[in-house]
Amino acid sequence: MTANATPETGTERLTPDVVVVGAGPAGCVLSYVLARSGVETLLLERNATLDREFRGFGFQPYVAWAFDQLGFLDDVLDLPHERVRRAYASVYGRRYRLLDFTDVSPREDYLLLMDQPPLLELLVERASEFETFSFRPSTAVTDVRTSGERVVGVDARDREATVDLEVESRLVVGADGRYSTVRKAAGIDAGLLESKLEIVWFKLEDASIDVTTQLRVGESGILVYAPLSDSVAQCGWPIEKGSYSDLREQGIEAFRRDLVSVDPDLHGTVETQLGGFEDCSLLHVEPGLCDRWVDDGLLLLGDAAHVASPFGGQGNSLAVQDAVVAHETIATALAETDRSDGALPAERLRPYEKRRYPAVERVLRLQRRTESFVTGLLLHGYRVPRWIRVPALRATFGALSHVGPSPLARHQQRLLAYGPDPPRVDTTRFAPDESAAETD
């Protein structure tokens, strides 16, 4: 890509084919496959490193399947991780199966649990093997550049090099998350949906954790786990929206007691690791779905296009699927148009939106059902007498747990594992010596 520096003004001009904003799973996967396809790609990340806190730690079987097609699944599995083939809920001390991936795939039959930074670093490292890729950390996008109604690039500030960037490109990809600067600058509404819940989020280390039990229901509340290993987990405590101040007013000791009452194995851990509410963060649930994901010279993917709900997961899988479909659409559009044509028109990008929007919308509906169940339990269920509530909940989870491997059950498991419309990586776009063999 062309780079022109003007030291007297402290400005650097770059002209990649595509500039991707945000080095999360969506941005890193897309940047890798574009660069591997010969597309000049610039990846911008506002943080200095990729070692930061992420909300999503679960990667559905689809992600492993996609990485296998790309030829580096074994490298991913060399990173610290846990594999969960069956997930369970504990309801007032009794254990029930929630899902089982062993019937949906002969190889990628597991939920992959891992810290995101090592995975993202691997993707950037692999992309850096191609001359068509460039990565700028510590670089915050401040605005999109426009010509008439078209987006033609971005303005950014490289804090490490202390230089302003003027990036002109045929396409700007907003992969910068739920609070996307690119989306806001382009005037696209996030389409956030109302939720009655928030989640108190905290991390525990050196804890006795059953990685297969990811939901616990007890007398004091509901505990959601996103285990990273058998001793490290991100933990979520759903609460009614607006009630966090009441929780804090009760004090950290009361909160610790509630946690231990739901999971007694946390005794001895929360007392030492939750020193106060400064060790917690409050997450707003509010999922969202933008009404449009593409415009002339612009494409949104991942949380920038659709904010996933923490209930039901699949956020990382949706992001990777977006990247896979976006790659095919972008590579085709670039191949069939001339650079002198300028920004890629929206109609060339529309096939991506047409394929992904219905699939994401369906997943969000499923997530909202799970969220509604948790909302009903927290806001109304605990008002029901215990002698009615406990048997009713156990009966509900028991019915789910004892559903056999029927065609409907397999369909539901596959939907959770791969989504409604799992896209295959278009390896035909890769250079012949880099192409991964496609097998069924």
# chains A, B, ... in the order shown; residues from 1 in each chain; ligands from 1
$ residues_around --residues "Phe373 in chain A" --least-positions-apart "2" --cutoff "12 Å" --atoms "only C-alpha atoms" --output "number ranges by chain"
A: 196-197, 222, 238, 311-312, 366-371, 375-381, 393, 396-397
$ closest_atom_pairs --of "range 256-331 of chain A" --to "range 87-102 of chain A" --cutoff "10 Å" --atoms "only C-alpha atoms" --output "tab-separated table"
residue	atom	partner	partner_atom	distance
A:Ser261	CA	A:Tyr92	CA	9.8
A:Val262	CA	A:Tyr92	CA	7.8
A:Asp263	CA	A:Gly93	CA	8.7
A:Pro264	CA	A:Gly93	CA	9.9
$ residues_around --residues "Glu160 in chain A" --least-positions-apart "6" --cutoff "9 Å" --atoms "only C-alpha atoms" --output "PyMOL selection string"
chain A and resi 48+137-139
$ atom_distance --atom1 "CA of Asp68 in chain A" --atom2 "CA of Arg424 in chain A"
10.7 Å
$ select_by_dssp --residues "range 137-273 of chain A" --states "strand (DSSP E)" --output "PyMOL selection string"
chain A and resi 139-147+150-158+163-168+171-174+197-204+213-218+221-227+233-240
$ residues_around --residues "Trp65 in chain A" --least-positions-apart "6" --cutoff "10 Å" --atoms "only C-alpha atoms" --output "VMD selection string"
chain A and resid 71 73 105 107 to 109 418 422 424 to 425
$ closest_residue --among "A:Glu125, A:Gln69, A:Leu299, A:Leu43" --to "Arg150 in chain A" --atoms "only C-alpha atoms"
A:Leu299
$ atom_distance --atom1 "CA of Arg394 in chain A" --atom2 "CA of Arg216 in chain A"
12.0 Å
$ closest_residue --among "A:Pro118, A:Gly275, A:Gly191, A:Pro80" --to "Cys290 in chain A" --atoms "only C-alpha atoms"
A:Gly191
$ residues_around --residues "Val325 in chain A" --least-positions-apart "3" --cutoff "8 Å" --atoms "only C-alpha atoms" --output "list of chain:residue names"
A:Gln321, A:Asp322, A:Glu328, A:Thr329, A:Tyr352, A:Arg355, A:Arg356, A:Pro423, A:Val425
$ decode --residues "range 335-363 of chain A" --atoms "N, CA, C and O atoms" --output "PDB file, in the first residue's frame"
ATOM      1  N   ALA A 335     -12.360  -7.657  -7.303  1.00  0.00           N
ATOM      2  CA  ALA A 335     -11.898  -8.316  -8.523  1.00  0.00           C
ATOM      3  C   ALA A 335     -12.685  -7.869  -9.750  1.00  0.00           C
ATOM      4  O   ALA A 335     -12.155  -7.868 -10.864  1.00  0.00           O
ATOM      5  N   GLU A 336     -13.937  -7.497  -9.546  1.00  0.00           N
ATOM      6  CA  GLU A 336     -14.805  -7.175 -10.681  1.00  0.00           C
ATOM      7  C   GLU A 336     -14.932  -5.679 -10.939  1.00  0.00           C
ATOM      8  O   GLU A 336     -15.694  -5.263 -11.820  1.00  0.00           O
ATOM      9  N   THR A 337     -14.195  -4.874 -10.194  1.00  0.00           N
ATOM     10  CA  THR A 337     -14.198  -3.429 -10.414  1.00  0.00           C
ATOM     11  C   THR A 337     -12.763  -2.935 -10.496  1.00  0.00           C
ATOM     12  O   THR A 337     -11.825  -3.631 -10.112  1.00  0.00           O
ATOM     13  N   ASP A 338     -12.601  -1.739 -10.995  1.00  0.00           N
ATOM     14  CA  ASP A 338     -11.275  -1.153 -11.150  1.00  0.00           C
ATOM     15  C   ASP A 338     -10.997  -0.185 -10.009  1.00  0.00           C
ATOM     16  O   ASP A 338     -11.915   0.467  -9.498  1.00  0.00           O
ATOM     17  N   ARG A 339      -9.730  -0.097  -9.621  1.00  0.00           N
ATOM     18  CA  ARG A 339      -9.372   0.806  -8.529  1.00  0.00           C
ATOM     19  C   ARG A 339      -9.780   2.249  -8.826  1.00  0.00           C
ATOM     20  O   ARG A 339     -10.128   3.007  -7.920  1.00  0.00           O
ATOM     21  N   SER A 340      -9.739   2.602 -10.082  1.00  0.00           N
ATOM     22  CA  SER A 340     -10.112   3.968 -10.460  1.00  0.00           C
ATOM     23  C   SER A 340     -11.593   4.237 -10.218  1.00  0.00           C
ATOM     24  O   SER A 340     -12.022   5.400 -10.215  1.00  0.00           O
ATOM     25  N   ASP A 341     -12.386   3.165 -10.011  1.00  0.00           N
ATOM     26  CA  ASP A 341     -13.815   3.352  -9.717  1.00  0.00           C
ATOM     27  C   ASP A 341     -14.045   3.907  -8.320  1.00  0.00           C
ATOM     28  O   ASP A 341     -15.159   4.327  -7.989  1.00  0.00           O
ATOM     29  N   GLY A 342     -13.003   3.868  -7.485  1.00  0.00           N
ATOM     30  CA  GLY A 342     -13.115   4.425  -6.146  1.00  0.00           C
ATOM     31  C   GLY A 342     -13.849   3.509  -5.181  1.00  0.00           C
ATOM     32  O   GLY A 342     -13.755   2.278  -5.256  1.00  0.00           O
ATOM     33  N   ALA A 343     -14.601   4.123  -4.259  1.00  0.00           N
ATOM     34  CA  ALA A 343     -15.266   3.372  -3.188  1.00  0.00           C
ATOM     35  C   ALA A 343     -16.182   2.293  -3.751  1.00  0.00           C
ATOM     36  O   ALA A 343     -16.902   2.508  -4.731  1.00  0.00           O
ATOM     37  N   LEU A 344     -16.150   1.122  -3.114  1.00  0.00           N
ATOM     38  CA  LEU A 344     -17.042   0.040  -3.519  1.00  0.00           C
ATOM     39  C   LEU A 344     -18.493   0.455  -3.267  1.00  0.00           C
ATOM     40  O   LEU A 344     -18.843   0.853  -2.151  1.00  0.00           O
ATOM     41  N   PRO A 345     -19.344   0.352  -4.275  1.00  0.00           N
ATOM     42  CA  PRO A 345     -20.741   0.766  -4.086  1.00  0.00           C
ATOM     43  C   PRO A 345     -21.503  -0.202  -3.192  1.00  0.00           C
ATOM     44  O   PRO A 345     -21.186  -1.393  -3.120  1.00  0.00           O
ATOM     45  N   ALA A 346     -22.530   0.301  -2.543  1.00  0.00           N
ATOM     46  CA  ALA A 346     -23.314  -0.494  -1.602  1.00  0.00           C
ATOM     47  C   ALA A 346     -23.909  -1.723  -2.263  1.00  0.00           C
ATOM     48  O   ALA A 346     -23.988  -2.791  -1.653  1.00  0.00           O
ATOM     49  N   GLU A 347     -24.334  -1.605  -3.548  1.00  0.00           N
ATOM     50  CA  GLU A 347     -24.952  -2.764  -4.192  1.00  0.00           C
ATOM     51  C   GLU A 347     -23.969  -3.916  -4.371  1.00  0.00           C
ATOM     52  O   GLU A 347     -24.372  -5.082  -4.420  1.00  0.00           O
ATOM     53  N   ARG A 348     -22.672  -3.612  -4.445  1.00  0.00           N
ATOM     54  CA  ARG A 348     -21.661  -4.661  -4.523  1.00  0.00           C
ATOM     55  C   ARG A 348     -21.450  -5.346  -3.179  1.00  0.00           C
ATOM     56  O   ARG A 348     -20.985  -6.486  -3.114  1.00  0.00           O
ATOM     57  N   LEU A 349     -21.772  -4.652  -2.109  1.00  0.00           N
ATOM     58  CA  LEU A 349     -21.577  -5.185  -0.750  1.00  0.00           C
ATOM     59  C   LEU A 349     -22.839  -5.834  -0.190  1.00  0.00           C
ATOM     60  O   LEU A 349     -22.797  -6.530   0.812  1.00  0.00           O
ATOM     61  N   ARG A 350     -23.952  -5.606  -0.870  1.00  0.00           N
ATOM     62  CA  ARG A 350     -25.244  -6.060  -0.356  1.00  0.00           C
ATOM     63  C   ARG A 350     -25.347  -7.576  -0.190  1.00  0.00           C
ATOM     64  O   ARG A 350     -26.044  -8.046   0.724  1.00  0.00           O
ATOM     65  N   PRO A 351     -24.686  -8.408  -1.036  1.00  0.00           N
ATOM     66  CA  PRO A 351     -24.806  -9.861  -0.831  1.00  0.00           C
ATOM     67  C   PRO A 351     -24.394 -10.307   0.576  1.00  0.00           C
ATOM     68  O   PRO A 351     -24.972 -11.248   1.131  1.00  0.00           O
ATOM     69  N   TYR A 352     -23.397  -9.615   1.164  1.00  0.00           N
ATOM     70  CA  TYR A 352     -22.994  -9.923   2.544  1.00  0.00           C
ATOM     71  C   TYR A 352     -24.144  -9.673   3.503  1.00  0.00           C
ATOM     72  O   TYR A 352     -24.488 -10.535   4.328  1.00  0.00           O
ATOM     73  N   GLU A 353     -24.757  -8.512   3.406  1.00  0.00           N
ATOM     74  CA  GLU A 353     -25.851  -8.176   4.319  1.00  0.00           C
ATOM     75  C   GLU A 353     -27.048  -9.090   4.120  1.00  0.00           C
ATOM     76  O   GLU A 353     -27.672  -9.543   5.086  1.00  0.00           O
ATOM     77  N   LYS A 354     -27.362  -9.400   2.855  1.00  0.00           N
ATOM     78  CA  LYS A 354     -28.525 -10.239   2.574  1.00  0.00           C
ATOM     79  C   LYS A 354     -28.362 -11.646   3.134  1.00  0.00           C
ATOM     80  O   LYS A 354     -29.345 -12.281   3.529  1.00  0.00           O
ATOM     81  N   ARG A 355     -27.131 -12.142   3.153  1.00  0.00           N
ATOM     82  CA  ARG A 355     -26.930 -13.489   3.688  1.00  0.00           C
ATOM     83  C   ARG A 355     -26.861 -13.489   5.209  1.00  0.00           C
ATOM     84  O   ARG A 355     -27.435 -14.353   5.859  1.00  0.00           O
ATOM     85  N   ARG A 356     -26.171 -12.526   5.795  1.00  0.00           N
ATOM     86  CA  ARG A 356     -25.911 -12.575   7.228  1.00  0.00           C
ATOM     87  C   ARG A 356     -27.057 -12.021   8.067  1.00  0.00           C
ATOM     88  O   ARG A 356     -27.282 -12.487   9.189  1.00  0.00           O
ATOM     89  N   TYR A 357     -27.779 -11.031   7.573  1.00  0.00           N
ATOM     90  CA  TYR A 357     -28.812 -10.388   8.397  1.00  0.00           C
ATOM     91  C   TYR A 357     -29.859 -11.389   8.886  1.00  0.00           C
ATOM     92  O   TYR A 357     -30.156 -11.436  10.092  1.00  0.00           O
ATOM     93  N   PRO A 358     -30.448 -12.233   8.007  1.00  0.00           N
ATOM     94  CA  PRO A 358     -31.470 -13.170   8.510  1.00  0.00           C
ATOM     95  C   PRO A 358     -30.915 -14.163   9.525  1.00  0.00           C
ATOM     96  O   PRO A 358     -31.601 -14.504  10.494  1.00  0.00           O
ATOM     97  N   ALA A 359     -29.683 -14.628   9.315  1.00  0.00           N
ATOM     98  CA  ALA A 359     -29.091 -15.589  10.246  1.00  0.00           C
ATOM     99  C   ALA A 359     -28.862 -14.958  11.615  1.00  0.00           C
ATOM    100  O   ALA A 359     -29.181 -15.557  12.652  1.00  0.00           O
ATOM    101  N   VAL A 360     -28.320 -13.743  11.626  1.00  0.00           N
ATOM    102  CA  VAL A 360     -28.065 -13.063  12.895  1.00  0.00           C
ATOM    103  C   VAL A 360     -29.379 -12.732  13.593  1.00  0.00           C
ATOM    104  O   VAL A 360     -29.506 -12.889  14.817  1.00  0.00           O
ATOM    105  N   GLU A 361     -30.357 -12.284  12.836  1.00  0.00           N
ATOM    106  CA  GLU A 361     -31.656 -11.951  13.423  1.00  0.00           C
ATOM    107  C   GLU A 361     -32.261 -13.172  14.119  1.00  0.00           C
ATOM    108  O   GLU A 361     -32.838 -13.063  15.208  1.00  0.00           O
ATOM    109  N   ARG A 362     -32.119 -14.342  13.510  1.00  0.00           N
ATOM    110  CA  ARG A 362     -32.666 -15.561  14.104  1.00  0.00           C
ATOM    111  C   ARG A 362     -31.945 -15.909  15.403  1.00  0.00           C
ATOM    112  O   ARG A 362     -32.564 -16.281  16.397  1.00  0.00           O
ATOM    113  N   VAL A 363     -30.614 -15.772  15.405  1.00  0.00           N
ATOM    114  CA  VAL A 363     -29.842 -16.057  16.619  1.00  0.00           C
ATOM    115  C   VAL A 363     -30.218 -15.090  17.731  1.00  0.00           C
ATOM    116  O   VAL A 363     -30.382 -15.488  18.896  1.00  0.00           O
TER     117      VAL A 363
END
